[in-house]
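Working notes for the structure below.
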Amino acid sequence: MPDLNFVPAAQCVSNSYYQASIEGSKGDIYTVVVNDGTSHCDCPGFKYRNRCSHVAKAVKDQCTWHSQFDEEQTEKDKCPRCGGPVEYVRFAI
């Protein structure tokens, strides 16, 4: 098995944790949390079916900038797309 190489990269913090308030069809506001690829919504539909349309709406607005895949460069720890904070990670390739 070949040795792994670790590559440093920067990504928008919302790639690993994202929280949004989404309005439901009847005007109720639900909180959607996406944490390291898993999602949760506090609406009744998610509680019983483990899925809902609010998660899809929240993820659509989530910034997914990553220095390995996107051309833009970060400036002073700020995401070039949304202006939010940047975290530095290492990936094994």
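Naming scheme: A, B, ... for chains in displayed order of the structure tokens; residues 1 onward per chain; ligands 1 onward as shown.
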Determine which residues of chain A receive a DSSP assignment of helix (DSSP H, G or I), computed from the backbone, and state them as JSON, numbers by chain. {"A": [13, 14, 15, 44, 45, 46, 47, 48, 49, 53, 54, 55, 56, 57, 58, 59, 60, 61]}
I'd like the contact shell of segment 61-71 of chain A - 10 Å cut-off, only C-alpha atoms, skipping same-chain residues fewer than 6 positions apart - returned as a VMD selection string. chain A and resid 7 to 20 34 79 to 84 86 to 88 91
Excluding same-chain residues fewer than 4 positions from Asp42 of chain A, what lies within 12 Å of it counting only C-alpha atoms, as a ChimeraX atom specification? /A:19-24,28-33,46-55
May I have the selected residues written with C-alpha atoms, as a short mmCIF file (atom, residue, chain, number, x, y, z; two decimals), in the first residue's frame?
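Result saved to result01.cif:
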```cif
data_model
loop_
_atom_site.label_atom_id
_atom_site.label_comp_id
_atom_site.auth_asym_id
_atom_site.auth_seq_id
_atom_site.Cartn_x
_atom_site.Cartn_y
_atom_site.Cartn_z
CA GLN A 19 -27.06 26.52 10.63
CA ALA A 20 -29.99 28.28 8.96
CA SER A 21 -33.53 29.39 9.80
CA ILE A 22 -35.97 28.29 7.11
CA GLU A 23 -39.59 29.35 6.80
CA GLY A 24 -42.06 26.48 6.40
CA ASP A 28 -43.38 28.52 10.93
CA ILE A 29 -39.61 29.00 11.25
CA TYR A 30 -37.47 25.86 11.51
CA THR A 31 -33.80 25.53 12.37
CA VAL A 32 -31.71 23.37 10.06
CA VAL A 33 -28.23 22.25 11.14
CA PHE A 46 -37.99 15.47 9.89
CA LYS A 47 -38.79 14.01 13.29
CA TYR A 48 -41.00 11.28 11.79
CA ARG A 49 -39.48 10.74 8.32
CA ASN A 50 -35.85 11.80 8.93
CA ARG A 51 -36.08 14.09 5.87
CA CYS A 52 -37.80 17.30 4.84
CA SER A 53 -37.71 20.05 2.23
CA HIS A 54 -36.24 22.57 4.70
CA VAL A 55 -32.88 20.79 4.65
#
```
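When only C-alpha atoms are used to measure the gap to Lys57 of chain A, the shortest distance among A:Asp3, A:Val89, A:Cys41, A:Asp36 belongs to A:Cys41.
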Just how far from atom CA of Leu4 of chain A is atom CA of Ala92 of chain A, in Å to one decimal? 5.8 Å
